[in-house]
file protein39.pdb (PDB, C-alpha atoms)
ATOM      1  CA  MET A  13      24.238 -57.794   8.271
ATOM      2  CA  PHE A  14      21.086 -56.106   7.044
ATOM      3  CA  SER A  15      17.760 -57.086   8.584
ATOM      4  CA  SER A  16      14.817 -58.282   6.556
ATOM      5  CA  LEU A  17      13.151 -54.894   7.100
ATOM      6  CA  ILE A  18      15.977 -53.122   5.269
ATOM      7  CA  VAL A  19      15.766 -55.602   2.382
ATOM      8  CA  TRP A  20      12.014 -55.036   2.258
ATOM      9  CA  MET A  21      12.498 -51.259   2.243
ATOM     10  CA  ASP A  22      14.964 -51.665  -0.623
ATOM     11  CA  PHE A  23      12.319 -53.522  -2.641
ATOM     12  CA  VAL A  24       9.595 -50.990  -1.779
ATOM     13  CA  GLY A  25      11.867 -48.117  -2.768
ATOM     14  CA  THR A  26      12.759 -49.703  -6.102
ATOM     15  CA  VAL A  27       9.136 -50.347  -7.045
ATOM     16  CA  ALA A  28       7.899 -46.981  -5.784
ATOM     17  CA  PHE A  29      10.571 -44.974  -7.585
ATOM     18  CA  ALA A  30      10.161 -47.045 -10.767
ATOM     19  CA  ILE A  31       6.446 -46.211 -10.778
ATOM     20  CA  SER A  32       7.264 -42.579 -10.067
ATOM     21  CA  GLY A  33       9.692 -42.418 -12.996
ATOM     22  CA  ALA A  34       7.318 -44.240 -15.342
ATOM     23  CA  MET A  35       4.429 -41.931 -14.441
ATOM     24  CA  VAL A  36       6.539 -38.839 -15.166
ATOM     25  CA  ALA A  37       7.577 -40.383 -18.497
ATOM     26  CA  ALA A  38       3.944 -41.093 -19.354
ATOM     27  CA  ARG A  39       2.991 -37.516 -18.505
ATOM     28  CA  LYS A  40       5.738 -36.344 -20.875
ATOM     29  CA  ASN A  41       4.374 -38.615 -23.648
ATOM     30  CA  MET A  42       7.590 -40.669 -23.844
ATOM     31  CA  ASP A  43       7.738 -43.958 -25.728
ATOM     32  CA  ILE A  44       8.321 -47.329 -24.066
ATOM     33  CA  PHE A  45      12.093 -46.871 -24.075
ATOM     34  CA  GLY A  46      11.754 -43.506 -22.356
ATOM     35  CA  VAL A  47       9.384 -44.983 -19.773
ATOM     36  CA  ASN A  48      11.867 -47.744 -18.973
ATOM     37  CA  MET A  49      14.828 -45.381 -18.921
ATOM     38  CA  LEU A  50      13.178 -42.961 -16.498
ATOM     39  CA  ALA A  51      11.966 -45.807 -14.292
ATOM     40  CA  VAL A  52      15.452 -47.337 -14.051
ATOM     41  CA  LEU A  53      17.148 -43.968 -13.499
ATOM     42  CA  THR A  54      14.720 -43.038 -10.744
ATOM     43  CA  ALA A  55      14.973 -46.427  -9.032
ATOM     44  CA  THR A  56      18.746 -46.912  -9.230
ATOM     45  CA  GLY A  57      20.307 -43.485  -9.821
ATOM     46  CA  GLY A  58      20.565 -42.526  -6.157
ATOM     47  CA  GLY A  59      22.188 -45.823  -5.235
ATOM     48  CA  MET A  60      24.676 -45.454  -8.066
ATOM     49  CA  ILE A  61      25.701 -41.984  -6.828
ATOM     50  CA  ARG A  62      26.004 -43.339  -3.271
ATOM     51  CA  ASP A  63      28.215 -46.234  -4.342
ATOM     52  CA  ILE A  64      30.532 -43.938  -6.268
ATOM     53  CA  ILE A  65      30.907 -41.694  -3.198
ATOM     54  CA  ILE A  66      31.989 -44.574  -0.943
ATOM     55  CA  GLY A  67      34.207 -46.118  -3.617
ATOM     56  CA  ARG A  68      32.048 -49.177  -4.215
ATOM     57  CA  THR A  69      32.701 -49.843  -7.884
ATOM     58  CA  PRO A  70      31.138 -51.065 -10.020
ATOM     59  CA  PRO A  71      27.938 -49.844  -8.311
ATOM     60  CA  VAL A  72      25.568 -52.469  -6.914
ATOM     61  CA  MET A  73      23.065 -51.984  -9.753
ATOM     62  CA  PHE A  74      25.606 -53.529 -12.147
ATOM     63  CA  LEU A  75      26.738 -56.334  -9.846
ATOM     64  CA  ASN A  76      23.208 -57.229  -8.770
ATOM     65  CA  PRO A  77      20.897 -56.350 -11.689
ATOM     66  CA  SER A  78      17.818 -57.577  -9.818
ATOM     67  CA  TYR A  79      17.021 -53.939  -8.925
ATOM     68  CA  VAL A  80      17.165 -52.957 -12.596
ATOM     69  CA  LEU A  81      14.987 -55.934 -13.538
ATOM     70  CA  ILE A  82      12.404 -55.029 -10.878
ATOM     71  CA  ALA A  83      12.316 -51.451 -12.168
ATOM     72  CA  VAL A  84      11.963 -52.594 -15.800
ATOM     73  CA  LEU A  85       9.218 -55.090 -14.924
ATOM     74  CA  THR A  86       7.336 -52.450 -12.935
ATOM     75  CA  ALA A  87       7.678 -49.871 -15.729
ATOM     76  CA  ASN A  88       6.456 -52.242 -18.439
ATOM     77  CA  ILE A  89       3.442 -53.377 -16.431
ATOM     78  CA  LEU A  90       2.472 -49.733 -15.904
ATOM     79  CA  PHE A  91       3.135 -48.949 -19.575
ATOM     80  CA  LEU A  92       0.884 -51.799 -20.746
ATOM     81  CA  VAL A  93      -1.895 -50.704 -18.400
ATOM     82  CA  LEU A  94      -1.729 -47.109 -19.609
ATOM     83  CA  TYR A  95      -1.238 -48.034 -23.277
ATOM     84  CA  SER A  96      -4.240 -50.350 -23.331
ATOM     85  CA  ARG A  97      -6.414 -47.502 -22.070
ATOM     86  CA  LYS A  98      -4.869 -44.964 -24.467
ATOM     87  CA  SER A  99      -4.941 -42.351 -21.714
ATOM     88  CA  LEU A 100      -4.346 -42.029 -18.010
ATOM     89  CA  PRO A 101      -7.257 -43.839 -16.280
ATOM     90  CA  LEU A 102      -7.110 -41.298 -13.452
ATOM     91  CA  SER A 103      -8.030 -37.691 -12.886
ATOM     92  CA  GLN A 104      -5.114 -35.275 -12.753
ATOM     93  CA  ARG A 105      -5.593 -34.759  -9.015
ATOM     94  CA  VAL A 106      -5.618 -38.486  -8.247
ATOM     95  CA  GLY A 107      -2.616 -39.002 -10.509
ATOM     96  CA  GLU A 108      -0.679 -36.300  -8.686
ATOM     97  CA  GLN A 109      -1.581 -37.808  -5.325
ATOM     98  CA  LEU A 110      -0.415 -41.248  -6.422
ATOM     99  CA  LEU A 111       2.824 -39.785  -7.767
ATOM    100  CA  PHE A 112       3.330 -37.979  -4.453
ATOM    101  CA  TRP A 113       2.888 -41.131  -2.379
ATOM    102  CA  PHE A 114       5.052 -43.324  -4.605
ATOM    103  CA  ASP A 115       7.717 -40.619  -4.541
ATOM    104  CA  THR A 116       7.436 -40.312  -0.764
ATOM    105  CA  LEU A 117       7.667 -44.068  -0.156
ATOM    106  CA  GLY A 118      10.673 -44.302  -2.444
ATOM    107  CA  LEU A 119      12.324 -41.345  -0.736
ATOM    108  CA  ALA A 120      11.785 -42.831   2.729
ATOM    109  CA  ALA A 121      12.961 -46.299   1.740
ATOM    110  CA  PHE A 122      16.090 -45.198  -0.078
ATOM    111  CA  THR A 123      17.045 -42.595   2.530
ATOM    112  CA  VAL A 124      17.331 -45.230   5.253
ATOM    113  CA  ASP A 125      18.872 -47.688   2.791
ATOM    114  CA  GLY A 126      21.623 -45.182   1.983
ATOM    115  CA  VAL A 127      22.389 -44.651   5.657
ATOM    116  CA  PHE A 128      22.870 -48.369   6.210
ATOM    117  CA  ALA A 129      24.974 -48.684   3.068
ATOM    118  CA  GLY A 130      27.353 -46.316   4.854
ATOM    119  CA  VAL A 131      27.133 -48.401   8.022
ATOM    120  CA  GLN A 132      27.892 -51.555   6.028
ATOM    121  CA  ALA A 133      30.934 -49.808   4.548
ATOM    122  CA  GLN A 134      32.281 -49.378   8.095
ATOM    123  CA  HIS A 135      31.394 -45.682   8.383
ATOM    124  CA  GLY A 136      28.751 -46.021  11.092
ATOM    125  CA  ASP A 137      30.697 -43.740  13.446
ATOM    126  CA  LYS A 138      30.590 -40.843  10.964
ATOM    127  CA  LEU A 139      27.090 -39.372  11.285
ATOM    128  CA  PHE A 140      27.574 -36.647   8.680
ATOM    129  CA  LEU A 141      28.820 -39.119   6.080
ATOM    130  CA  ILE A 142      26.115 -41.738   6.531
ATOM    131  CA  ALA A 143      23.408 -39.043   6.615
ATOM    132  CA  PHE A 144      24.808 -37.567   3.403
ATOM    133  CA  LEU A 145      24.789 -41.013   1.800
ATOM    134  CA  GLY A 146      21.160 -41.423   2.852
ATOM    135  CA  VAL A 147      20.179 -38.111   1.271
ATOM    136  CA  MET A 148      22.054 -38.838  -1.972
ATOM    137  CA  THR A 149      20.427 -42.262  -2.214
ATOM    138  CA  GLY A 150      17.016 -40.775  -1.501
ATOM    139  CA  VAL A 151      17.028 -37.751  -3.801
ATOM    140  CA  GLY A 152      19.567 -38.703  -6.486
ATOM    141  CA  GLY A 153      17.253 -40.841  -8.600
ATOM    142  CA  GLY A 154      14.432 -38.306  -8.507
ATOM    143  CA  ALA A 155      16.802 -35.503  -9.486
ATOM    144  CA  LEU A 156      18.058 -37.495 -12.489
ATOM    145  CA  ARG A 157      14.457 -38.287 -13.440
ATOM    146  CA  ASP A 158      13.453 -34.628 -13.413
ATOM    147  CA  ILE A 159      16.533 -33.565 -15.387
ATOM    148  CA  PHE A 160      15.883 -36.161 -18.104
ATOM    149  CA  ALA A 161      12.200 -35.126 -18.137
ATOM    150  CA  ASP A 162      13.253 -31.475 -18.650
ATOM    151  CA  GLU A 163      11.840 -30.338 -15.308
ATOM    152  CA  MET A 164      13.327 -28.442 -12.369
ATOM    153  CA  PRO A 165      14.322 -31.130  -9.823
ATOM    154  CA  GLN A 166      11.787 -31.288  -6.997
ATOM    155  CA  ILE A 167      14.566 -31.212  -4.412
ATOM    156  CA  PHE A 168      15.011 -27.516  -5.172
ATOM    157  CA  VAL A 169      11.433 -26.293  -5.344
ATOM    158  CA  LYS A 170       8.748 -28.471  -3.805
ATOM    159  CA  HIS A 171       7.404 -29.466  -0.388
ATOM    160  CA  VAL A 172      10.680 -29.616   1.581
ATOM    161  CA  TYR A 173      11.558 -32.720  -0.427
ATOM    162  CA  ALA A 174      15.283 -32.815   0.306
ATOM    163  CA  VAL A 175      14.799 -31.471   3.837
ATOM    164  CA  ALA A 176      12.573 -34.452   4.644
ATOM    165  CA  SER A 177      15.329 -36.765   3.422
ATOM    166  CA  VAL A 178      17.949 -34.922   5.479
ATOM    167  CA  ALA A 179      15.809 -35.203   8.615
ATOM    168  CA  GLY A 180      15.081 -38.884   7.982
ATOM    169  CA  ALA A 181      18.757 -39.663   7.371
ATOM    170  CA  VAL A 182      19.871 -37.888  10.560
ATOM    171  CA  VAL A 183      17.170 -39.623  12.618
ATOM    172  CA  THR A 184      18.156 -43.006  11.175
ATOM    173  CA  GLY A 185      21.819 -42.411  11.935
ATOM    174  CA  LEU A 186      21.136 -41.188  15.479
ATOM    175  CA  PHE A 187      18.833 -44.086  16.326
ATOM    176  CA  TRP A 188      21.396 -46.532  14.945
ATOM    177  CA  ARG A 189      24.176 -45.033  17.071
ATOM    178  CA  ILE A 190      22.015 -44.869  20.206
ATOM    179  CA  THR A 191      20.211 -48.221  20.007
ATOM    180  CA  ALA A 192      22.279 -50.305  17.534
ATOM    181  CA  GLU A 193      18.906 -51.749  16.479
ATOM    182  CA  GLU A 194      18.488 -51.733  12.701
ATOM    183  CA  ASN A 195      14.713 -52.150  12.640
ATOM    184  CA  ILE A 196      14.141 -49.321  15.114
ATOM    185  CA  ALA A 197      16.463 -46.992  13.177
ATOM    186  CA  VAL A 198      14.848 -47.917   9.847
ATOM    187  CA  ALA A 199      11.308 -47.392  11.144
ATOM    188  CA  ALA A 200      12.174 -44.080  12.850
ATOM    189  CA  GLY A 201      13.932 -42.674   9.781
ATOM    190  CA  ALA A 202      11.304 -43.776   7.273
ATOM    191  CA  LEU A 203       8.420 -42.450   9.381
ATOM    192  CA  THR A 204      10.221 -39.134   9.760
ATOM    193  CA  VAL A 205      10.462 -38.731   5.979
ATOM    194  CA  ILE A 206       6.837 -39.743   5.397
ATOM    195  CA  ALA A 207       5.492 -37.527   8.193
ATOM    196  CA  LEU A 208       7.412 -34.460   7.036
ATOM    197  CA  ARG A 209       6.371 -34.931   3.409
ATOM    198  CA  TYR A 210       2.735 -35.394   4.392
ATOM    199  CA  GLU A 211       2.684 -32.376   6.690
ATOM    200  CA  ALA A 212       4.469 -30.251   4.068
ATOM    201  CA  VAL A 213       1.775 -30.958   1.497
ATOM    202  CA  ARG A 214      -1.060 -30.696   4.016
ATOM    203  CA  HIS A 215       0.058 -27.298   5.312
ATOM    204  CA  HIS A 216       1.648 -26.067   2.063
ATOM    205  CA  TRP A 217       5.096 -25.809   3.612
ATOM    206  CA  ASN A 218       7.877 -24.665   1.350
ATOM    207  CA  LEU A 219      11.292 -23.227   2.029
ATOM    208  CA  PRO A 220      11.784 -19.470   1.511
ATOM    209  CA  ARG A 221      12.767 -18.566  -2.044
ATOM    210  CA  LEU A 222      13.797 -15.579  -4.128
ATOM    211  CA  ARG A 223      11.202 -14.228  -6.531
TER     212      ARG A 223
END
call {"tool": "encode", "arguments": {"input": "protein39.pdb", "output": "structure tokens"}}
result
Amino acid sequence: MFSSLIVWMDFVGTVAFAISGAMVAARKNMDIFGVNMLAVLTATGGGMIRDIIIGRTPPVMFLNPSYVLIAVLTANILFLVLYSRKSLPLSQRVGEQLLFWFDTLGLAAFTVDGVFAGVQAQHGDKLFLIAFLGVMTGVGGGALRDIFADEMPQIFVKHVYAVASVAGAVVTGLFWRITAEENIAVAAGALTVIALRYEAVRHHWNLPRLR
């Protein structure tokens, strides 16, 4: 049922989130096991939560371990590059920018992927449910990564992270229901997430908070 664009977004999300998790692990001075663990959690954690919600057990990551293998391969390549240089070959600012963009690409890809997982499970007529699945798929892995790295999850504190996923999921679901065109819905949802994340960082947007 899924178009090639959705499959491609799935691959992009896995690689992007694996790099994101591995970079956080490297920043926390974790060993190679920690790097791999954070990469796999970031890349597959959201999908695992999504599958549990819709009753798809065992989750896809266990039935189709290709996503885990892609995350492990990505993490080990990054680990070898960083280990051979003995330090991050980037300035802190450039490193943060790369982490932002990998995180954003992963968030966009997995948000739309989660929406269409709900559609595939015959819930396409339930906008709230498929949007919720998109958000859980998008932010779940990053939240697990931050918890294991002993950091406050970004979804609660930084650059309208979860809000961008919510908006992207709703846009994806609406476009799917209006047009029934997967590629249009995927592109619209992903671009919504990326645009909101970019504008949030550019203009220093954050949600109101208690101090």
call {"tool": "residues_around", "arguments": {"input": "protein39.pdb", "residues": "Gly201 in chain A", "least_positions_apart": "5", "cutoff": "6 Å", "atoms": "only C-alpha atoms", "output": "ChimeraX atom specification"}}
result
/A:180,183-184
call {"tool": "write_last_selection", "arguments": {"input": "protein39.pdb", "atoms": "C-alpha atoms", "output": "tab-separated table (two decimals), in the coordinates of the input"}}
result
chain	number	residue	atom	x	y	z
A	180	GLY	CA	15.08	-38.88	7.98
A	183	VAL	CA	17.17	-39.62	12.62
A	184	THR	CA	18.16	-43.01	11.18
call {"tool": "resolve_selection", "arguments": {"input": "protein39.pdb", "expression": "the PyMOL selection byres ((chain A and resi 148-159) around 8)", "output": "ChimeraX atom specification"}}
result
/A:29,33,50-51,53-62,118-123,125-126,144-147,160-167,174,177
call {"tool": "resolve_selection", "arguments": {"input": "protein39.pdb", "expression": "the PyMOL selection byres ((chain A and resi 86-89) around 8)", "output": "VMD selection string"}}
result
chain A and resid 27 30 to 31 34 44 47 to 48 51 82 to 85 90 to 93
call {"tool": "residues_near_point", "arguments": {"input": "protein39.pdb", "point": "(13.7, -41.1, 10.2)", "cutoff": "9 Å", "atoms": "only C-alpha atoms", "output": "CSV table (one decimal) with C-alpha atoms, in the frame of the given file"}}
result
chain,number,residue,atom,x,y,z
A,120,ALA,CA,11.8,-42.8,2.7
A,123,THR,CA,17.0,-42.6,2.5
A,124,VAL,CA,17.3,-45.2,5.3
A,176,ALA,CA,12.6,-34.5,4.6
A,177,SER,CA,15.3,-36.8,3.4
A,178,VAL,CA,17.9,-34.9,5.5
A,179,ALA,CA,15.8,-35.2,8.6
A,180,GLY,CA,15.1,-38.9,8.0
A,181,ALA,CA,18.8,-39.7,7.4
A,182,VAL,CA,19.9,-37.9,10.6
A,183,VAL,CA,17.2,-39.6,12.6
A,184,THR,CA,18.2,-43.0,11.2
A,185,GLY,CA,21.8,-42.4,11.9
A,187,PHE,CA,18.8,-44.1,16.3
A,197,ALA,CA,16.5,-47.0,13.2
A,198,VAL,CA,14.8,-47.9,9.8
A,199,ALA,CA,11.3,-47.4,11.1
A,200,ALA,CA,12.2,-44.1,12.8
A,201,GLY,CA,13.9,-42.7,9.8
A,202,ALA,CA,11.3,-43.8,7.3
A,203,LEU,CA,8.4,-42.4,9.4
A,204,THR,CA,10.2,-39.1,9.8
A,205,VAL,CA,10.5,-38.7,6.0
A,206,ILE,CA,6.8,-39.7,5.4
call {"tool": "atom_distance", "arguments": {"input": "protein39.pdb", "atom1": "CA of Trp20 in chain A", "atom2": "CA of Tyr173 in chain A"}}
result
22.5 Å
call {"tool": "closest_atom_pairs", "arguments": {"input": "protein39.pdb", "of": "range 53-75 of chain A", "to": "range 130-143 of chain A", "cutoff": "12 Å", "atoms": "all atoms listed in the file", "output": "Markdown table"}}
result
| residue | atom | partner | partner_atom | distance |
| --- | --- | --- | --- | --- |
| A:Gly59 | CA | A:Gly130 | CA | 11.3 |
| A:Arg62 | CA | A:Gly130 | CA | 8.8 |
| A:Asp63 | CA | A:Gly130 | CA | 9.2 |
| A:Ile64 | CA | A:Gly130 | CA | 11.8 |
| A:Ile65 | CA | A:Leu141 | CA | 9.9 |
| A:Ile66 | CA | A:Gly130 | CA | 7.6 |
| A:Gly67 | CA | A:Ala133 | CA | 9.5 |
| A:Arg68 | CA | A:Ala133 | CA | 8.9 |
call {"tool": "write_last_selection", "arguments": {"input": "protein39.pdb", "atoms": "C-alpha atoms", "output": "tab-separated table (two decimals), in the coordinates of the input"}}
result
chain	number	residue	atom	x	y	z
A	59	GLY	CA	22.19	-45.82	-5.24
A	62	ARG	CA	26.00	-43.34	-3.27
A	63	ASP	CA	28.22	-46.23	-4.34
A	64	ILE	CA	30.53	-43.94	-6.27
A	65	ILE	CA	30.91	-41.69	-3.20
A	66	ILE	CA	31.99	-44.57	-0.94
A	67	GLY	CA	34.21	-46.12	-3.62
A	68	ARG	CA	32.05	-49.18	-4.22
call {"tool": "closest_residue", "arguments": {"input": "protein39.pdb", "among": "A:Leu186, A:Leu110, A:Leu17, A:Leu94", "to": "Val127 in chain A", "atoms": "all atoms listed in the file"}}
result
A:Leu186
call {"tool": "closest_residue", "arguments": {"input": "protein39.pdb", "among": "A:Tyr210, A:Tyr79, A:Val169, A:Leu111", "to": "Ala37 in chain A", "atoms": "only C-alpha atoms"}}
result
A:Leu111
call {"tool": "residues_near_point", "arguments": {"input": "protein39.pdb", "point": "(8.6, -26.0, 7.8)", "cutoff": "12 Å", "atoms": "all atoms listed in the file", "output": "VMD selection string"}}
result
chain A and resid 170 to 173 175 to 176 179 207 to 220
call {"tool": "write_last_selection", "arguments": {"input": "protein39.pdb", "atoms": "C-alpha atoms", "output": "PDB file, in the coordinates of the input"}}
result
ATOM      1  CA  LYS A 170       8.748 -28.471  -3.805  1.00  0.00           C
ATOM      2  CA  HIS A 171       7.404 -29.466  -0.388  1.00  0.00           C
ATOM      3  CA  VAL A 172      10.680 -29.616   1.581  1.00  0.00           C
ATOM      4  CA  TYR A 173      11.558 -32.720  -0.427  1.00  0.00           C
ATOM      5  CA  VAL A 175      14.799 -31.471   3.837  1.00  0.00           C
ATOM      6  CA  ALA A 176      12.573 -34.452   4.644  1.00  0.00           C
ATOM      7  CA  ALA A 179      15.809 -35.203   8.615  1.00  0.00           C
ATOM      8  CA  ALA A 207       5.492 -37.527   8.193  1.00  0.00           C
ATOM      9  CA  LEU A 208       7.412 -34.460   7.036  1.00  0.00           C
ATOM     10  CA  ARG A 209       6.371 -34.931   3.409  1.00  0.00           C
ATOM     11  CA  TYR A 210       2.735 -35.394   4.392  1.00  0.00           C
ATOM     12  CA  GLU A 211       2.684 -32.376   6.690  1.00  0.00           C
ATOM     13  CA  ALA A 212       4.469 -30.251   4.068  1.00  0.00           C
ATOM     14  CA  VAL A 213       1.775 -30.958   1.497  1.00  0.00           C
ATOM     15  CA  ARG A 214      -1.060 -30.696   4.016  1.00  0.00           C
ATOM     16  CA  HIS A 215       0.058 -27.298   5.312  1.00  0.00           C
ATOM     17  CA  HIS A 216       1.648 -26.067   2.063  1.00  0.00           C
ATOM     18  CA  TRP A 217       5.096 -25.809   3.612  1.00  0.00           C
ATOM     19  CA  ASN A 218       7.877 -24.665   1.350  1.00  0.00           C
ATOM     20  CA  LEU A 219      11.292 -23.227   2.029  1.00  0.00           C
ATOM     21  CA  PRO A 220      11.784 -19.470   1.511  1.00  0.00           C
TER      22      PRO A 220
END
call {"tool": "atom_distance", "arguments": {"input": "protein39.pdb", "atom1": "CA of Gln109 in chain A", "atom2": "CA of Val36 in chain A"}}
result
12.8 Å
call {"tool": "axis_aligned_box", "arguments": {"input": "protein39.pdb", "around": "range 155-161 of chain A", "padding_each_side": "5 Å", "output": "lines of an AutoDock Vina configuration file"}}
result
center_x = 15.1
center_y = -35.9
center_z = -13.8
size_x = 15.9
size_y = 14.7
size_z = 18.7
call {"tool": "atom_distance", "arguments": {"input": "protein39.pdb", "atom1": "CA of Ser96 in chain A", "atom2": "CA of Val24 in chain A"}}
result
25.6 Å
